[in-house]
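Below is one structure; the comments refer to it alone.
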Amino acid sequence: MNRVRQQDLGTPASASTETVQVVIDGMPATVKAGSSILRAARETGVDIPKLCATDNLKPFGSCRMCLVEVEGRKGYPASCTTPVEDGMQIRTQTGALSKLRRNVMELYISDHPLDCLTCSANGDCELQDMAGAVGLRDVRYGFDGENHLDGGVDASNPYFQFDASKCIVCSRCVRACDEVQGTFALTIQGRGFQSKVSAGIDEGFLGSECVSCGACVQACPTATLMEKSIVDHGQPDHSVVTTCAYCGVGCSFQVEMKGDQVVRMTPYKDGEANHGHSCVKGRFAWGYASHKDRVMHPMIRETTSDPWREVSWEEAIQYSAKRFKEIQAKYGRKSIGGITSSRCTNEEVYVVQKMIRTAFENNNVDTCARVCHSPTGYGLKTTLGTSAGTQPFDSVMDTDVMVVIGANPTVAHPVFASQMKKRLRQGAKLIVIDPREIGLVRSAHIAAEHHIALSPGTNVPIVNALAYVIVSEGLVDEAYVNERCDLDSFEAWKAMILQPANSPEVVAEVAGVDAETIRAAARLYGMANNASIYYGLGVTEHSQGSTMVMGMANLAMATGNIGRSGVGVNPLRGQNNVQGSCDMGSFPHELPGYRHISGDDVRAEFEKHWGVTLDAEPGFRIPNMFDAACAGEFMGMYIQGEDLAQSDPNTHHVEAALGNMECIVVQDLFLNETAKFAHVFLPGTSFLEKDGTFTNAERRINRVRPVMPAQQGKDEWQITQDLAQAMGYDMRYTTSSQIMDEIAELTPTFRNVSFKLLDDIGSVQWPCNAEAPEGTPIMHIEQFVRGKGLFVETDYVPTEEKTNRKFPLLLTTGRILSQYNVGAQTRRTENNIWHKEDLLEIHPHDAETRGVRDGELVSLASRKGDITLRAQITTRVKPGVVYTTFHNPETGANVVTTEYSDWATDCPEYKVTAVQITPASHRSSWQVEFAERAEQQGRVEEAS
Ligand code: SF4
Ligand code: SF4
Ligand code: SF4
Ligand code: FES
């Protein structure tokens, strides 16, 4: 249990490693050179009053509350803007200072509502605290003169309000929006007494550029910017530090509670992934955890047309086990399997894969990473030796050139995007490789040096062309390659790269871009001191996803850009625990720690610990499970927190497979699309109830701590354990920390990890073992994990998915900021205000030639099916390319995607589908069917 208010040391920490001696109020102190007097004093336990300063913003020096006296200096310098000097003698409390501070405070209070006792910030207001600290007892000016007390309230944002009457114009909010978030949505309008905070050009928060990150609310020292949840429920009385359950950034939060009710999520300053910043999802969109749609009782049904029947946990577990055993008796041991969830904790995932290998007695376990980052695992392990990114997020602050490929960080990884933007404002250069003009290409105070707007499906020729320029123009770091890399593979790669087909001029034709831009981008990357690559699903979800990952690793090795801060190859992971679910042995061929199931020694180690004989044959991947289900060979599935029916490609095929199975057990918060095909529903827990760990995109293992007990009566690892026992395997954990202890014992890269270590030091990045007892922020420093870095030849093999006269456009997909994945969580929050439906982005030229009008319904047809959605005409996409999101199940974006997949990992090719767009007057037949099914499901639920 933590105190609620986080410490504020007034100004940012000095980066200096030197110290100086000062005397503060007669007490000698050793402080960091470059610190402000305010910070130095606070670090030594002397609280100088302050209002406009806070320790995540540059000092501003406007409020005059922090004045001090310095021996030998005239006047009263502001301690927030005055750095310490060796030998400085500082007085923070004198009669003159007290008088000055009281006078300043008196002016503030004379223009402030005196409603402290009923104010929602009462007890958590710096103005109130400072009035007390300076001993203000009365206000001489009266309250009758000109003031701002009728300033009005802007309540347009669904999560916070702006009450102008309480504003002291300290500008902390404006600076937070600029410096921390990088959106520049706020300004101080007017001068002197007329000064006021304005969102956009007086548009109100909702109508402005504001992305609702909450940084301004966090920074505000008064009740001016205030969370509506606090206005409604009052101030919290205790808090617990945990980890956001949305994206792979893995931000740390304080969950602030009043009694047993969550009243606020505040980004945690000591969180090493986010340093006190947040985005709209983690900060505000947590209400889904108590949404009325959440299922709180286990349910079963004989067939999917029967109504659900609420049953006891015991009955649901026994029923599931009985049906799974019957299927195995009828179709064989390998006829059942399961899927682990990247939204669950490492401990919950670990027990599912263990249950499948021990109780189901096969390796038919896969995870949703199959459909997102499985090529990352394959590509990085092959070239570098580890299935994970190379850097911590903070490494970006040392980069000179960043390349962002197939990722849209400002919407999918917003907190890291803010850090990237900070570095770009400091002068780093940016290359964006993406078919779409993503937010980073051009926004307030930043612009990409180069945007390579390639055609979907041409990543590999582009990375080859970049490498062609680097090799042919002598930009290879020969010394690095000679010392660190496998030279035979390098020579073979070099010969392949120098083929004329990889020259920028040839590739320009293939990818629909300009050869000079490719050359310039390659030179910028190749000549940088520190160049880094960040990438997302726009790299992996292709038929050559693994090839592209290896192409990027080749490029980084050839230029010596791996093994120190500021460089590297970094996947931006989509879901909160994608890295962890892969680490935990969720793949059909790998035990925890990426150890191949065919290894006799490896199996022997697990067999000894688990007391079973393990199958040495890899099991089914998700697509194999579906194919085998359609063939009547794979008939039962346990699905932990994953909506396969909505998220997997080629919906018709997925639905046919799910519909053919004899027992599907879904464990989730809500009756999702997959649950329509389920026979057992086991209600899951939200992140607020989980006790465990998530591993973020930087391999950082963060604690997830419960703020309340499991609301449906059982922790998720217990549900799995009960099912394992009912299936005949004796699993007996009593706490989730025991599960982590077992993971550590069986996984070399986790050997030192325990809940205690994480509670003691905050978080660790694996490998964390005897060689690195507190983790490994940067990988491959001295040598690659595999020994010598391996160059892999990356010949371009175009996808089978081709445009033709019937399907002349290429569809690619992505996310928007306010929604997350299939929307199961965010659609159950007020985030819907920003995104009511999935839209189809189309270039004006393509729209015009098809008679498509902005905002009207269009039909989107591929070789696999057709759907309808509303068009949005925009130049963000180039001619020939259309784009949509997949957050709403009724859109059915995956009805049109194909079965093509990555050659190495079967990761689906979501990012390239040949389509045609035509104006439409009615919904597609799939959508009509979907609506009917939803209605029937509703009727069935009502009847139950
Ligand atoms: S809204 Fe808050 S942070 Fe912004 S200027 Fe007013 S008091 Fe300061
Ligand atoms: S919520 Fe974030 S984006 Fe919006 S105004 Fe505040 S700091 Fe800026
Ligand atoms: S950036 Fe990701 S982890 Fe951080 S608050 Fe937003 S959704 Fe959560
Ligand atoms: S805190 Fe130093 S001037 Fe405001």
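Chain labels A, B, ... are given in the sequence in which chains occur in the structure tokens; within each chain residues are numbered consecutively from 1, and ligands are likewise numbered from 1 in the order shown.
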
Selection near region 576-584 of chain A, 8 Å with only C-alpha atoms, sequence-local residues under 4 positions removed, as a CSV table (one decimal) with N, CA, C and O atoms, in the first residue's frame:
```csv
chain,number,residue,atom,x,y,z
A,244,CYS,N,0.0,-0.8,-16.6
A,244,CYS,CA,-1.1,-0.7,-17.6
A,244,CYS,C,-1.3,-2.0,-18.3
A,244,CYS,O,-0.3,-2.7,-18.7
A,245,ALA,N,-2.5,-2.3,-18.6
A,245,ALA,CA,-2.8,-3.6,-19.3
A,245,ALA,C,-3.1,-3.3,-20.8
A,245,ALA,O,-3.7,-4.2,-21.4
A,246,TYR,N,-2.8,-2.2,-21.3
A,246,TYR,CA,-3.0,-2.0,-22.7
A,246,TYR,C,-1.8,-2.3,-23.6
A,246,TYR,O,-1.6,-3.5,-23.9
A,247,CYS,N,-1.0,-1.4,-23.9
A,247,CYS,CA,0.0,-1.7,-25.0
A,247,CYS,C,1.4,-2.1,-24.4
A,247,CYS,O,1.6,-2.1,-23.2
A,248,GLY,N,2.2,-2.4,-25.3
A,248,GLY,CA,3.6,-3.0,-25.0
A,248,GLY,C,4.5,-2.0,-24.4
A,248,GLY,O,5.7,-2.3,-24.1
A,249,VAL,N,4.1,-0.7,-24.2
A,249,VAL,CA,5.0,0.2,-23.5
A,249,VAL,C,5.1,-0.2,-22.0
A,249,VAL,O,6.2,-0.1,-21.5
A,250,GLY,N,4.0,-0.7,-21.5
A,250,GLY,CA,4.1,-1.1,-20.1
A,250,GLY,C,4.3,0.0,-19.1
A,250,GLY,O,5.2,-0.1,-18.2
A,340,THR,N,-2.9,-19.1,-25.5
A,340,THR,CA,-2.6,-18.3,-24.4
A,340,THR,C,-2.8,-16.8,-24.8
A,340,THR,O,-2.8,-16.5,-26.0
A,341,SER,N,-3.0,-16.0,-23.8
A,341,SER,CA,-3.3,-14.6,-24.1
A,341,SER,C,-2.2,-13.6,-23.7
A,341,SER,O,-1.6,-13.7,-22.7
A,342,SER,N,-2.0,-12.7,-24.6
A,342,SER,CA,-0.9,-11.7,-24.4
A,342,SER,C,-1.4,-10.6,-23.5
A,342,SER,O,-0.7,-9.6,-23.2
A,343,ARG,N,-2.7,-10.7,-23.0
A,343,ARG,CA,-3.2,-9.7,-22.1
A,343,ARG,C,-3.1,-10.2,-20.7
A,343,ARG,O,-3.3,-9.5,-19.7
A,344,CYS,N,-2.8,-11.5,-20.5
A,344,CYS,CA,-2.7,-12.1,-19.2
A,344,CYS,C,-1.3,-12.0,-18.7
A,344,CYS,O,-0.4,-11.7,-19.4
A,345,THR,N,-1.1,-12.3,-17.4
A,345,THR,CA,0.2,-12.2,-16.8
A,345,THR,C,1.1,-13.3,-17.2
A,345,THR,O,0.6,-14.4,-17.7
A,346,ASN,N,2.4,-13.2,-17.0
A,346,ASN,CA,3.3,-14.2,-17.3
A,346,ASN,C,2.9,-15.5,-16.6
A,346,ASN,O,2.9,-16.6,-17.1
A,349,VAL,N,-0.1,-17.2,-18.1
A,349,VAL,CA,0.2,-17.8,-19.4
A,349,VAL,C,1.0,-19.1,-19.2
A,349,VAL,O,0.7,-20.1,-19.8
A,350,TYR,N,1.9,-19.0,-18.3
A,350,TYR,CA,2.8,-20.1,-18.0
A,350,TYR,C,2.0,-21.4,-17.6
A,350,TYR,O,2.2,-22.5,-18.1
A,353,GLN,N,0.2,-23.0,-20.8
A,353,GLN,CA,1.1,-23.8,-21.6
A,353,GLN,C,1.5,-25.1,-20.9
A,353,GLN,O,1.6,-26.2,-21.4
A,367,THR,N,-0.1,-18.8,-29.4
A,367,THR,CA,-0.5,-17.5,-28.7
A,367,THR,C,-0.8,-16.5,-29.8
A,367,THR,O,-0.5,-16.7,-31.0
A,368,CYS,N,-1.5,-15.4,-29.3
A,368,CYS,CA,-1.9,-14.4,-30.3
A,368,CYS,C,-0.6,-13.7,-31.0
A,368,CYS,O,-0.8,-13.0,-32.0
A,369,ALA,N,0.6,-13.9,-30.4
A,369,ALA,CA,1.8,-13.4,-31.0
A,369,ALA,C,1.9,-14.0,-32.4
A,369,ALA,O,2.6,-13.5,-33.3
A,373,HIS,N,3.7,-10.7,-33.8
A,373,HIS,CA,5.2,-10.5,-33.8
A,373,HIS,C,5.9,-11.8,-33.8
A,373,HIS,O,7.1,-11.9,-33.5
A,388,ALA,N,14.0,-10.9,-29.1
A,388,ALA,CA,13.5,-9.7,-28.4
A,388,ALA,C,14.2,-8.5,-28.9
A,388,ALA,O,15.3,-8.6,-29.5
A,591,LEU,N,9.5,-24.5,-25.4
A,591,LEU,CA,9.2,-24.4,-23.9
A,591,LEU,C,9.6,-23.1,-23.4
A,591,LEU,O,10.2,-22.3,-24.2
A,592,PRO,N,9.3,-22.7,-22.2
A,592,PRO,CA,9.6,-21.4,-21.7
A,592,PRO,C,11.1,-21.1,-21.9
A,592,PRO,O,12.0,-21.9,-21.8
A,593,GLY,N,11.4,-19.8,-22.3
A,593,GLY,CA,12.8,-19.4,-22.5
A,593,GLY,C,13.2,-19.8,-24.0
A,593,GLY,O,14.4,-19.8,-24.2
A,594,TYR,N,12.3,-20.0,-24.9
A,594,TYR,CA,12.5,-20.3,-26.3
A,594,TYR,C,13.4,-21.5,-26.5
A,594,TYR,O,14.3,-21.5,-27.3
A,694,PHE,N,3.9,-8.5,-16.1
A,694,PHE,CA,3.8,-8.3,-17.5
A,694,PHE,C,5.2,-8.0,-18.0
A,694,PHE,O,6.0,-7.4,-17.3
A,695,THR,N,5.6,-8.4,-19.2
A,695,THR,CA,6.9,-8.1,-19.8
A,695,THR,C,6.7,-7.2,-21.0
A,695,THR,O,6.0,-7.6,-21.9
A,696,ASN,N,7.2,-6.0,-21.0
A,696,ASN,CA,6.9,-5.0,-22.0
A,696,ASN,C,7.9,-5.2,-23.2
A,696,ASN,O,8.7,-6.1,-23.3
A,697,ALA,N,7.8,-4.3,-24.2
A,697,ALA,CA,8.6,-4.4,-25.4
A,697,ALA,C,10.0,-4.2,-25.2
A,697,ALA,O,10.8,-4.6,-26.1
A,699,ARG,N,11.7,-5.9,-22.9
A,699,ARG,CA,12.0,-7.0,-22.0
A,699,ARG,C,11.9,-6.7,-20.6
A,699,ARG,O,12.4,-7.4,-19.7
A,743,ILE,N,9.1,-20.5,-12.9
A,743,ILE,CA,9.6,-20.0,-14.2
A,743,ILE,C,11.1,-19.7,-14.1
A,743,ILE,O,11.8,-20.0,-14.9
```

Inset, instruction - Select from region 306-398 of chain A everything DSSP, run on the backbone, classes as strand (DSSP E), then give the selection as a list in words. - result: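 Answer for region 306-398 of chain A restricted to strand (DSSP E) is Arg309, Glu310, Ile336, Gly337, Gly338, Ile339, Thr340, Val365, Asp366 and Thr367 of chain A.
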
Using 9 Å as the limit and counting only C-alpha atoms and all ligand atoms, can you tabulate each residue of chain A that touches ligand 1, with its shortest atom-to-atom distance in Å and the two atoms involved, as CSV?
```
residue,atom,partner,partner_atom_place_in_ligand_line,distance
A:Leu51,CA,ligand 1,8 (Fe),8.5
A:Cys52,CA,ligand 1,8 (Fe),7.2
A:Leu127,CA,ligand 1,7 (S),9.0
A:Phe162,CA,ligand 1,1 (S),6.9
A:Asp163,CA,ligand 1,1 (S),7.8
A:Ala164,CA,ligand 1,1 (S),7.2
A:Lys166,CA,ligand 1,7 (S),6.7
A:Cys167,CA,ligand 1,6 (Fe),3.7
A:Ile168,CA,ligand 1,7 (S),4.4
A:Val169,CA,ligand 1,5 (S),3.5
A:Cys170,CA,ligand 1,8 (Fe),4.0
A:Ser171,CA,ligand 1,5 (S),4.0
A:Arg172,CA,ligand 1,3 (S),4.2
A:Cys173,CA,ligand 1,3 (S),4.0
A:Val174,CA,ligand 1,4 (Fe),6.3
A:Arg175,CA,ligand 1,3 (S),8.6
A:Ala176,CA,ligand 1,3 (S),8.5
A:Leu186,CA,ligand 1,4 (Fe),9.0
A:Ile188,CA,ligand 1,5 (S),7.8
A:Lys196,CA,ligand 1,5 (S),7.4
A:Val197,CA,ligand 1,5 (S),6.0
A:Cys216,CA,ligand 1,3 (S),6.4
A:Val217,CA,ligand 1,3 (S),7.3
A:Gln218,CA,ligand 1,3 (S),8.5
A:Ala219,CA,ligand 1,3 (S),5.8
A:Cys220,CA,ligand 1,3 (S),3.5
A:Pro221,CA,ligand 1,2 (Fe),5.7
A:Thr222,CA,ligand 1,7 (S),5.4
A:Ala223,CA,ligand 1,2 (Fe),7.1
A:Thr224,CA,ligand 1,1 (S),5.0
A:Leu225,CA,ligand 1,1 (S),5.4
A:Met226,CA,ligand 1,2 (Fe),8.9
```

For the residues selected in the previous step, produce a file with N, CA and C atoms as a compact mmCIF listing (two decimals), in the first residue's frame.
```txt
# COMPACT_ATOMS: atom_id res chain seq x y z
N LEU A 51 5.13 27.07 -6.83
CA LEU A 51 3.85 26.84 -7.52
C LEU A 51 4.04 26.52 -9.00
N CYS A 52 4.86 27.32 -9.68
CA CYS A 52 4.95 27.09 -11.13
C CYS A 52 5.96 26.00 -11.47
N LEU A 127 -1.96 24.93 -4.16
CA LEU A 127 -2.25 26.32 -3.79
C LEU A 127 -2.65 26.36 -2.31
N PHE A 162 -12.04 21.51 -17.08
CA PHE A 162 -11.21 22.70 -16.90
C PHE A 162 -12.09 23.78 -16.30
N ASP A 163 -11.80 24.12 -15.05
CA ASP A 163 -12.60 25.13 -14.34
C ASP A 163 -11.77 26.41 -14.28
N ALA A 164 -12.06 27.32 -15.22
CA ALA A 164 -11.21 28.51 -15.40
C ALA A 164 -11.14 29.37 -14.14
N LYS A 166 -10.50 28.65 -11.27
CA LYS A 166 -9.49 28.23 -10.30
C LYS A 166 -8.06 28.34 -10.84
N CYS A 167 -7.95 28.84 -12.08
CA CYS A 167 -6.64 28.86 -12.74
C CYS A 167 -5.76 29.99 -12.20
N ILE A 168 -4.52 29.68 -11.90
CA ILE A 168 -3.57 30.69 -11.44
C ILE A 168 -2.56 31.03 -12.54
N VAL A 169 -2.82 30.54 -13.76
CA VAL A 169 -2.01 30.83 -14.95
C VAL A 169 -0.51 30.58 -14.70
N CYS A 170 -0.25 29.43 -14.09
CA CYS A 170 1.15 29.09 -13.80
C CYS A 170 1.82 28.45 -15.01
N SER A 171 0.98 28.08 -16.01
CA SER A 171 1.50 27.54 -17.26
C SER A 171 2.06 26.12 -17.17
N ARG A 172 1.87 25.48 -16.03
CA ARG A 172 2.37 24.09 -15.95
C ARG A 172 1.68 23.20 -16.96
N CYS A 173 0.38 23.42 -17.16
CA CYS A 173 -0.36 22.57 -18.11
C CYS A 173 0.17 22.76 -19.53
N VAL A 174 0.41 24.02 -19.89
CA VAL A 174 0.89 24.31 -21.25
C VAL A 174 2.25 23.66 -21.46
N ARG A 175 3.11 23.78 -20.44
CA ARG A 175 4.46 23.22 -20.57
C ARG A 175 4.41 21.69 -20.57
N ALA A 176 3.48 21.11 -19.81
CA ALA A 176 3.37 19.64 -19.82
C ALA A 176 2.95 19.16 -21.20
N LEU A 186 -2.08 23.44 -26.00
CA LEU A 186 -2.51 24.52 -25.11
C LEU A 186 -1.63 25.76 -25.30
N ILE A 188 -1.16 30.02 -23.55
CA ILE A 188 -1.66 31.07 -22.68
C ILE A 188 -2.04 32.22 -23.61
N LYS A 196 -5.10 33.76 -20.10
CA LYS A 196 -5.88 32.57 -19.75
C LYS A 196 -5.41 31.39 -20.58
N VAL A 197 -5.65 30.21 -20.03
CA VAL A 197 -5.27 28.99 -20.74
C VAL A 197 -6.30 28.72 -21.82
N CYS A 216 -1.43 17.39 -18.60
CA CYS A 216 -1.74 18.72 -18.06
C CYS A 216 -2.50 18.59 -16.75
N VAL A 217 -3.37 17.60 -16.67
CA VAL A 217 -4.16 17.39 -15.45
C VAL A 217 -3.21 17.02 -14.32
N GLN A 218 -2.26 16.18 -14.66
CA GLN A 218 -1.26 15.75 -13.68
C GLN A 218 -0.43 16.93 -13.18
N ALA A 219 -0.15 17.85 -14.11
CA ALA A 219 0.75 18.96 -13.77
C ALA A 219 0.04 20.07 -13.00
N CYS A 220 -1.26 20.17 -13.14
CA CYS A 220 -1.98 21.32 -12.58
C CYS A 220 -1.92 21.31 -11.05
N PRO A 221 -1.47 22.42 -10.45
CA PRO A 221 -1.35 22.43 -8.99
C PRO A 221 -2.65 22.78 -8.27
N THR A 222 -3.70 23.07 -9.03
CA THR A 222 -4.97 23.46 -8.42
C THR A 222 -6.07 22.52 -8.91
N ALA A 223 -7.31 22.88 -8.65
CA ALA A 223 -8.43 22.05 -9.10
C ALA A 223 -8.92 22.48 -10.48
N THR A 224 -8.10 23.29 -11.17
CA THR A 224 -8.56 23.79 -12.48
C THR A 224 -8.73 22.64 -13.46
N LEU A 225 -7.67 21.87 -13.63
CA LEU A 225 -7.77 20.68 -14.48
C LEU A 225 -7.91 19.49 -13.53
N MET A 226 -9.01 18.83 -13.61
CA MET A 226 -9.31 17.82 -12.59
C MET A 226 -10.04 16.63 -13.23
```

Inset, instruction - Compile the contact shell of Asn660 (chain A) as JSON, numbers by chain: residues with an atom at most 12 Å away, counting only C-alpha atoms, same-chain residues fewer than 4 positions apart removed. - result: {"A": [303, 304, 625, 626, 627, 628, 629, 630, 631, 632, 633, 634, 635, 636, 637, 653, 654, 655, 656, 664, 677, 678]}

Legend entry - Residues near Gly855 (chain A), cut-off 12 Å, only C-alpha atoms, skip fewer than 5 positions along chain, as a ChimeraX atom specification: /A:837-842,847,869-874,919-920

Legend entry - Residue neighbourhood Leu671 (chain A), 12 Å, only C-alpha atoms, exclusion window fewer than 5 positions, as a PyMOL selection string: chain A and resi 292-299+308+641-643+645+665-666+676-684+824-825+934+937-938+941

What are the nearest atom pairs, with distances in Å to one decimal, for all residues of chain A that come at most 9 Å from ligand 2, using only C-alpha atoms and all ligand atoms, set out by chain and rising residue number as CSV?
```
residue,atom,partner,partner_atom_place_in_ligand_line,distance
A:Asn157,CA,ligand 2,1 (S),8.9
A:Phe160,CA,ligand 2,1 (S),8.5
A:Cys173,CA,ligand 2,7 (S),6.4
A:Val174,CA,ligand 2,7 (S),7.2
A:Arg175,CA,ligand 2,7 (S),8.2
A:Ala176,CA,ligand 2,7 (S),5.6
A:Cys177,CA,ligand 2,7 (S),3.6
A:Asp178,CA,ligand 2,8 (Fe),7.2
A:Val180,CA,ligand 2,7 (S),7.6
A:Gln181,CA,ligand 2,7 (S),5.8
A:Gly182,CA,ligand 2,8 (Fe),7.7
A:Thr183,CA,ligand 2,3 (S),5.5
A:Phe184,CA,ligand 2,8 (Fe),6.3
A:Ala185,CA,ligand 2,8 (Fe),5.2
A:Leu186,CA,ligand 2,5 (S),5.7
A:Ala199,CA,ligand 2,5 (S),6.6
A:Gly200,CA,ligand 2,5 (S),8.7
A:Phe205,CA,ligand 2,5 (S),6.7
A:Leu206,CA,ligand 2,4 (Fe),8.6
A:Ser208,CA,ligand 2,5 (S),8.2
A:Glu209,CA,ligand 2,3 (S),6.9
A:Cys210,CA,ligand 2,4 (Fe),3.5
A:Val211,CA,ligand 2,3 (S),4.3
A:Ser212,CA,ligand 2,1 (S),3.6
A:Cys213,CA,ligand 2,2 (Fe),3.9
A:Gly214,CA,ligand 2,1 (S),4.0
A:Ala215,CA,ligand 2,7 (S),4.3
A:Cys216,CA,ligand 2,6 (Fe),4.1
A:Val217,CA,ligand 2,6 (Fe),6.3
A:Gln218,CA,ligand 2,7 (S),8.5
A:Ala219,CA,ligand 2,7 (S),8.6
A:Leu225,CA,ligand 2,6 (Fe),8.8
A:Ser278,CA,ligand 2,2 (Fe),8.8
A:Cys279,CA,ligand 2,2 (Fe),7.9
A:Val280,CA,ligand 2,1 (S),8.0
```

Inset, instruction - Fewer than 2 positions away in the same chain doesn't count, so skip those; otherwise give me all residues within 7 Å of region 30-38 of chain A, counting only C-alpha atoms, as an MDAnalysis selection string. - result: chainID A and resid 10:11 13:14 16:22 40:42 48 79:84

Legend entry - Given only C-alpha atoms as the counted atoms, nearest of A:Ile701, A:Ala417, A:Leu810, A:Met557 to Thr884 (chain A):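 Comparing A:Ile701, A:Ala417, A:Leu810, A:Met557 against Thr884 (chain A), the winner is A:Leu810.
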
Inset, instruction - Calculate how many Å separate CA of Tyr733 (chain A) from CA of Val352 (chain A), rounding to one decimal. - result: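 Computing the Euclidean distance for CA of Tyr733 (chain A) and CA of Val352 (chain A) yields 13.2 Å.
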
Inset, instruction - Name the residues of region 230-284 of chain A that come out as helix (DSSP H, G or I) in a backbone DSSP run; write them as a list in words. - result: Ile230, Val231, Asp232, His233, Val280, Lys281, Gly282, Arg283 and Phe284 of chain A

For the residues in that selection, give me N, CA and C atoms as a compact mmCIF listing (two decimals), in the first residue's frame.
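Okay, this is what ended up in selection30.txt:
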```txt
# COMPACT_ATOMS: atom_id res chain seq x y z
N ILE A 230 -12.60 12.14 -9.88
CA ILE A 230 -12.32 12.70 -8.55
C ILE A 230 -13.44 13.68 -8.17
N VAL A 231 -13.90 14.45 -9.16
CA VAL A 231 -15.01 15.36 -8.87
C VAL A 231 -16.21 14.54 -8.38
N ASP A 232 -16.44 13.38 -9.02
CA ASP A 232 -17.61 12.56 -8.66
C ASP A 232 -17.44 11.82 -7.34
N HIS A 233 -16.24 11.28 -7.12
CA HIS A 233 -16.09 10.36 -5.98
C HIS A 233 -15.25 10.90 -4.83
N VAL A 280 -4.17 8.21 -23.11
CA VAL A 280 -5.61 8.20 -22.76
C VAL A 280 -6.09 6.82 -22.34
N LYS A 281 -5.49 5.76 -22.89
CA LYS A 281 -6.00 4.43 -22.57
C LYS A 281 -5.66 4.04 -21.13
N GLY A 282 -4.37 4.06 -20.81
CA GLY A 282 -3.97 3.66 -19.46
C GLY A 282 -4.48 4.61 -18.39
N ARG A 283 -4.45 5.90 -18.69
CA ARG A 283 -4.78 6.92 -17.69
C ARG A 283 -6.27 6.95 -17.37
N PHE A 284 -7.09 6.81 -18.45
CA PHE A 284 -8.51 7.04 -18.24
C PHE A 284 -9.43 5.85 -18.59
```

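The space between CA of Lys58 (chain A) and CA of Asp394 (chain A) spans 18.6 Å.
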
Inset, instruction - Grab the CA of Ala522 (chain A) to CA of Glu505 (chain A) distance for me, in Å with one decimal place. - result: 13.4 Å

Inset, instruction - Counting only C-alpha atoms, figure out which residue out of A:Arg603, A:Arg301, A:His238, A:Arg442 gets nearest to Arg357 (chain A). - result: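 Answer, going by the shortest atom-to-atom distance: A:Arg603.
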